[in-house]
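S.K.: Dumping the structure here so I can ask a few things about it.
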There are 2 protein chains.
Amino acid sequence: MASPMYRQIAEDLRAQIDAGTLEPGRQLQTELELRERYGASRNTVRDAIKLLTALGLVETKPGQGTFVVRKIDPHVTTLTTNPKTGPGGDITQDSGAARSLSDTGKPKVVFSTDPQVEIQKATTLIANALQIAEGSQVISRHQKRSINRTPWAMQTSFYPMGFVLKGADKLLLADDIGVGTVQYLADTLGLRQVGYRDWISVRTPEVTEATFFSLPPDGRVNVFEILRTGFDQTGTPIRLTITVYPTDRNQFIVNVGDVPETLSPDEQQ
Amino acid sequence: MASPMYRQIAEDLRAQIDAGTLEPGRQLQTELELRERYGASRNTVRDAIKLLTALGLVETKPGQGTFVVRKIDPHVTTLTTNPKTGPGGDITQDSGAARSLSDTGKPKVVFSTDPQVEIQKATTLIANALQIAEGSQVISRHQKRSINRTPWAMQTSFYPMGFVLKGADKLLLADDIGVGTVQYLADTLGLRQVGYRDWISVRTPEVTEATFFSLPPDGRVNVFEILRTGFDQTGTPIRLTITVYPTDRNQFIVNVGDVPETLSPDEQQ
DNA sequence: GGGTATTTGTCCGTATGTATT
DNA sequence: AAATACATACGGACAAATACC
């Protein structure tokens, strides 16, 4: 009838966390103290803590102790653009630092690395999205972004190699394209992006992603993967942008139709 | 210098899974066999398996063994509506069964339970979204949905109590409103929903959610939580719909501007 | 249905390593 | 350098779930 002891211990601790007896940031009793308190072995107590860790409620630090996690105040990205101003939809940010204000009034400093440009062969995924032949060459432009020193997103955009041959040679430069690549393609090739499609999924992070975002190696924190395909007036895809965001610090907004201005969606429930 | 043994074992097994030597669905060696193979203790082997479990690569079944996970073919929901046909945006489905075809041609049978109707006091979150006083009464309509017997989503919609007093009394019935609640409110109260805002986040599931979706109790699989606030022509919120979807079997599409018809976004990378 | 073998789950005690203060 | 606290690893025992005869 009874559930395993380690779950009962976890439940008991969880209740205290939920009730606020153990506030965020506060240190739990040490494993040895919990061992005495619950009359269990240290390994059993550790199993309980492991469960709470997997649930994202506590975190352990070697040599220090176990702590109730502080919630990160999330960054909110709006995926839709105002239809009146037209769908630019770059999500792109200049490299270097930029400032803005968060809802709570705290300043947000966004930092983007310079683009890392590569020429690659199109994978099945890329070929499908861009409607080009698998294995044909594509330009890959990769950037990393941080907000207030916290790693926030990794982004890679893919363009058909043909764009460069037709004159958009700045795509190959490992520099920012000041006006944004979408505008640049319009200026040089006359390709107007009239819309885009975002495809949103969640998966466990790759090793490189876990490293950059400082995610725990146990795959507890997942990442959003958003594939944005941009289309021109003929319905032809002109770019594929893949952006990866950790789910523990990112949220998204989608506006459809007539919607009042963003009154802060706050109250992170 | 060397990484812990249990991680090395996990890495080795992972490599075999990635390489395809161990195909999805196939059984791994038993803990005792792995113990001999790697010259480690059973507990160490178990730690390696736990890590792979947390990464979502394998699953263990008591009395049977450990298996490489089969990927669930995901269900894709489009959050945006065609602007030409107008933003209905109900996500709502009649209760009972309905049939449609998936991209792969396999039939999808969607089943929705009858709504469970309750009258509740507005929490801070609900009050903020609906711009009403905290603690004032709201109607709550809750439904559960499955696709091909697989639990797929839990949805709860909230409406201000005033709507009933003004004549929309069907909101209180634990029955489907055939035309959809959005249309029903338009018919009875003249409230036209001209747009909505979706707010997307990911969190660990509640216990009730983990139960309904048959998620592992260790919080490995997270859920999408999508808050949809619908607005009328005056910019006043008329409803709040909260839908919860497990991230392991759901993906979303957002279309902005002019976008060609949904050519299956397939290729689940 | 019952019994048995197999396999994973829980729990214990102990020893040693590593990170932090 | 020493003390503290978590991390890794071992070995053993029994329980619980499942499959098979």
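Chain lettering (A, B, ...) mirrors the order of the structure tokens, residue numbering begins at 1 for each chain separately, and ligand numbering begins at 1 in order of display.
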Give me, as a ChimeraX atom specification, the contact residues of chain C against chain B at a cut-off of 12 Å, counting only C-alpha atoms (C1' of nucleotides).
M.R.: /C:5-10,17-18
S.K.: Using only C-alpha atoms (C1' of nucleotides), determine which residues of chain D fall within 9 Å of chain B; present them as an NGL selection string.
M.R.: :D and (8-11 or 16-19)
S.K.: How would you write, as a PyMOL selection string, the set of residues in segment 189-245 of chain B that DSSP gives as alpha helix (DSSP H)?
M.R.: chain B and resi 189+207-213
S.K.: Taking 2 positions as the minimum chain separation for residues in the same chain, which residues sit within 7 Å of segment 222-228 of chain A when counting only C-alpha atoms (C1' of nucleotides)? Answer as an NGL selection string.
M.R.: :A and (196-205 or 219-220 or 230 or 240-247)
S.K.: Pull N, CA and C atoms from the residues just selected and write them as a PDB file, in the first residue's frame.
M.R.:
ATOM      1  N   TYR A 196       5.996  33.873 -43.062  1.00  0.00           N
ATOM      2  CA  TYR A 196       6.848  32.793 -42.577  1.00  0.00           C
ATOM      3  C   TYR A 196       6.023  31.809 -41.758  1.00  0.00           C
ATOM      4  N   ARG A 197       6.594  30.636 -41.616  1.00  0.00           N
ATOM      5  CA  ARG A 197       5.943  29.616 -40.796  1.00  0.00           C
ATOM      6  C   ARG A 197       6.915  29.171 -39.711  1.00  0.00           C
ATOM      7  N   ASP A 198       6.422  29.180 -38.471  1.00  0.00           N
ATOM      8  CA  ASP A 198       7.217  28.680 -37.361  1.00  0.00           C
ATOM      9  C   ASP A 198       6.716  27.300 -36.972  1.00  0.00           C
ATOM     10  N   TRP A 199       7.663  26.412 -36.757  1.00  0.00           N
ATOM     11  CA  TRP A 199       7.321  25.057 -36.339  1.00  0.00           C
ATOM     12  C   TRP A 199       8.015  24.822 -35.008  1.00  0.00           C
ATOM     13  N   ILE A 200       7.219  24.630 -33.978  1.00  0.00           N
ATOM     14  CA  ILE A 200       7.723  24.633 -32.604  1.00  0.00           C
ATOM     15  C   ILE A 200       7.728  23.230 -32.024  1.00  0.00           C
ATOM     16  N   SER A 201       8.863  22.791 -31.531  1.00  0.00           N
ATOM     17  CA  SER A 201       8.909  21.519 -30.821  1.00  0.00           C
ATOM     18  C   SER A 201       9.833  21.647 -29.623  1.00  0.00           C
ATOM     19  N   VAL A 202       9.817  20.636 -28.791  1.00  0.00           N
ATOM     20  CA  VAL A 202      10.666  20.591 -27.599  1.00  0.00           C
ATOM     21  C   VAL A 202      11.424  19.283 -27.597  1.00  0.00           C
ATOM     22  N   ARG A 203      12.698  19.339 -27.313  1.00  0.00           N
ATOM     23  CA  ARG A 203      13.511  18.128 -27.282  1.00  0.00           C
ATOM     24  C   ARG A 203      14.617  18.277 -26.244  1.00  0.00           C
ATOM     25  N   THR A 204      15.340  17.173 -25.999  1.00  0.00           N
ATOM     26  CA  THR A 204      16.468  17.270 -25.080  1.00  0.00           C
ATOM     27  C   THR A 204      17.623  17.948 -25.808  1.00  0.00           C
ATOM     28  N   PRO A 205      18.432  18.699 -25.070  1.00  0.00           N
ATOM     29  CA  PRO A 205      19.515  19.453 -25.715  1.00  0.00           C
ATOM     30  C   PRO A 205      20.646  18.558 -26.218  1.00  0.00           C
ATOM     31  N   GLY A 219      19.884  16.138 -18.769  1.00  0.00           N
ATOM     32  CA  GLY A 219      18.771  16.292 -19.698  1.00  0.00           C
ATOM     33  C   GLY A 219      17.476  16.706 -19.034  1.00  0.00           C
ATOM     34  N   ARG A 220      17.583  17.254 -17.827  1.00  0.00           N
ATOM     35  CA  ARG A 220      16.365  17.636 -17.111  1.00  0.00           C
ATOM     36  C   ARG A 220      15.695  18.826 -17.789  1.00  0.00           C
ATOM     37  N   GLY A 230      10.942  31.218 -44.168  1.00  0.00           N
ATOM     38  CA  GLY A 230      10.425  32.437 -44.758  1.00  0.00           C
ATOM     39  C   GLY A 230      10.078  32.224 -46.226  1.00  0.00           C
ATOM     40  N   LEU A 240      15.731  29.311 -44.006  1.00  0.00           N
ATOM     41  CA  LEU A 240      15.321  28.490 -42.873  1.00  0.00           C
ATOM     42  C   LEU A 240      16.149  28.946 -41.681  1.00  0.00           C
ATOM     43  N   THR A 241      15.474  29.348 -40.614  1.00  0.00           N
ATOM     44  CA  THR A 241      16.174  29.767 -39.406  1.00  0.00           C
ATOM     45  C   THR A 241      15.799  28.843 -38.265  1.00  0.00           C
ATOM     46  N   ILE A 242      16.790  28.212 -37.688  1.00  0.00           N
ATOM     47  CA  ILE A 242      16.553  27.323 -36.556  1.00  0.00           C
ATOM     48  C   ILE A 242      17.067  27.998 -35.296  1.00  0.00           C
ATOM     49  N   THR A 243      16.189  28.213 -34.346  1.00  0.00           N
ATOM     50  CA  THR A 243      16.599  28.835 -33.094  1.00  0.00           C
ATOM     51  C   THR A 243      16.287  27.894 -31.944  1.00  0.00           C
ATOM     52  N   VAL A 244      17.249  27.771 -31.034  1.00  0.00           N
ATOM     53  CA  VAL A 244      17.107  26.879 -29.888  1.00  0.00           C
ATOM     54  C   VAL A 244      17.119  27.705 -28.611  1.00  0.00           C
ATOM     55  N   TYR A 245      16.112  27.508 -27.774  1.00  0.00           N
ATOM     56  CA  TYR A 245      15.978  28.254 -26.520  1.00  0.00           C
ATOM     57  C   TYR A 245      15.750  27.268 -25.368  1.00  0.00           C
ATOM     58  N   PRO A 246      16.457  27.416 -24.259  1.00  0.00           N
ATOM     59  CA  PRO A 246      16.155  26.571 -23.098  1.00  0.00           C
ATOM     60  C   PRO A 246      14.744  26.856 -22.584  1.00  0.00           C
ATOM     61  N   THR A 247      14.019  25.812 -22.243  1.00  0.00           N
ATOM     62  CA  THR A 247      12.629  26.000 -21.826  1.00  0.00           C
ATOM     63  C   THR A 247      12.512  26.588 -20.428  1.00  0.00           C
TER      64      THR A 247
END
S.K.: Work out how far atom CA of Val259 of chain A is from atom CA of Gly235 of chain B, in Å to one decimal.
M.R.: 6.5 Å
S.K.: Please provide as a PyMOL selection string all residues within 9 Å of Asp175 of chain B, with the sequence filter that same-chain residues fewer than 5 positions apart are discarded (counting only C-alpha atoms (C1' of nucleotides)).
M.R.: chain B and resi 95+114-117+170
S.K.: Pick the closest to chain A from B:Ala127, B:Ala54, B:Ala19, B:Ile49: which is it, counting only C-alpha atoms?
M.R.: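 Between B:Ala127, B:Ala54, B:Ala19, B:Ile49, the residue approaching chain A most closely is B:Ala54.
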S.K.: For segment 135-146 of chain B, work out the shell of residues within 6 Å, counting only C-alpha atoms (C1' of nucleotides) and skipping chain neighbours fewer than 5 positions away, then give it as an MDAnalysis selection string.
M.R.: chainID B and resid 110:113 115:122 151:161
S.K.: For a test of reading the model, state the distance in Å between atom C1' of DA3 of chain D and atom CA of Glu36 of chain A, rounded to one decimal.
M.R.: 20.3 Å
S.K.: Interatomic distance between atom CA of Val207 of chain A and atom CA of Arg149 of chain A?
M.R.: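 If I compute the distance from atom CA of Val207 of chain A to atom CA of Arg149 of chain A, I get 20.3 Å.
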S.K.: I need the strand (DSSP E) residues of segment 147-233 of chain A per DSSP on the backbone, written as a PyMOL selection string.
M.R.: chain A and resi 147+150-160+193-203+223-232
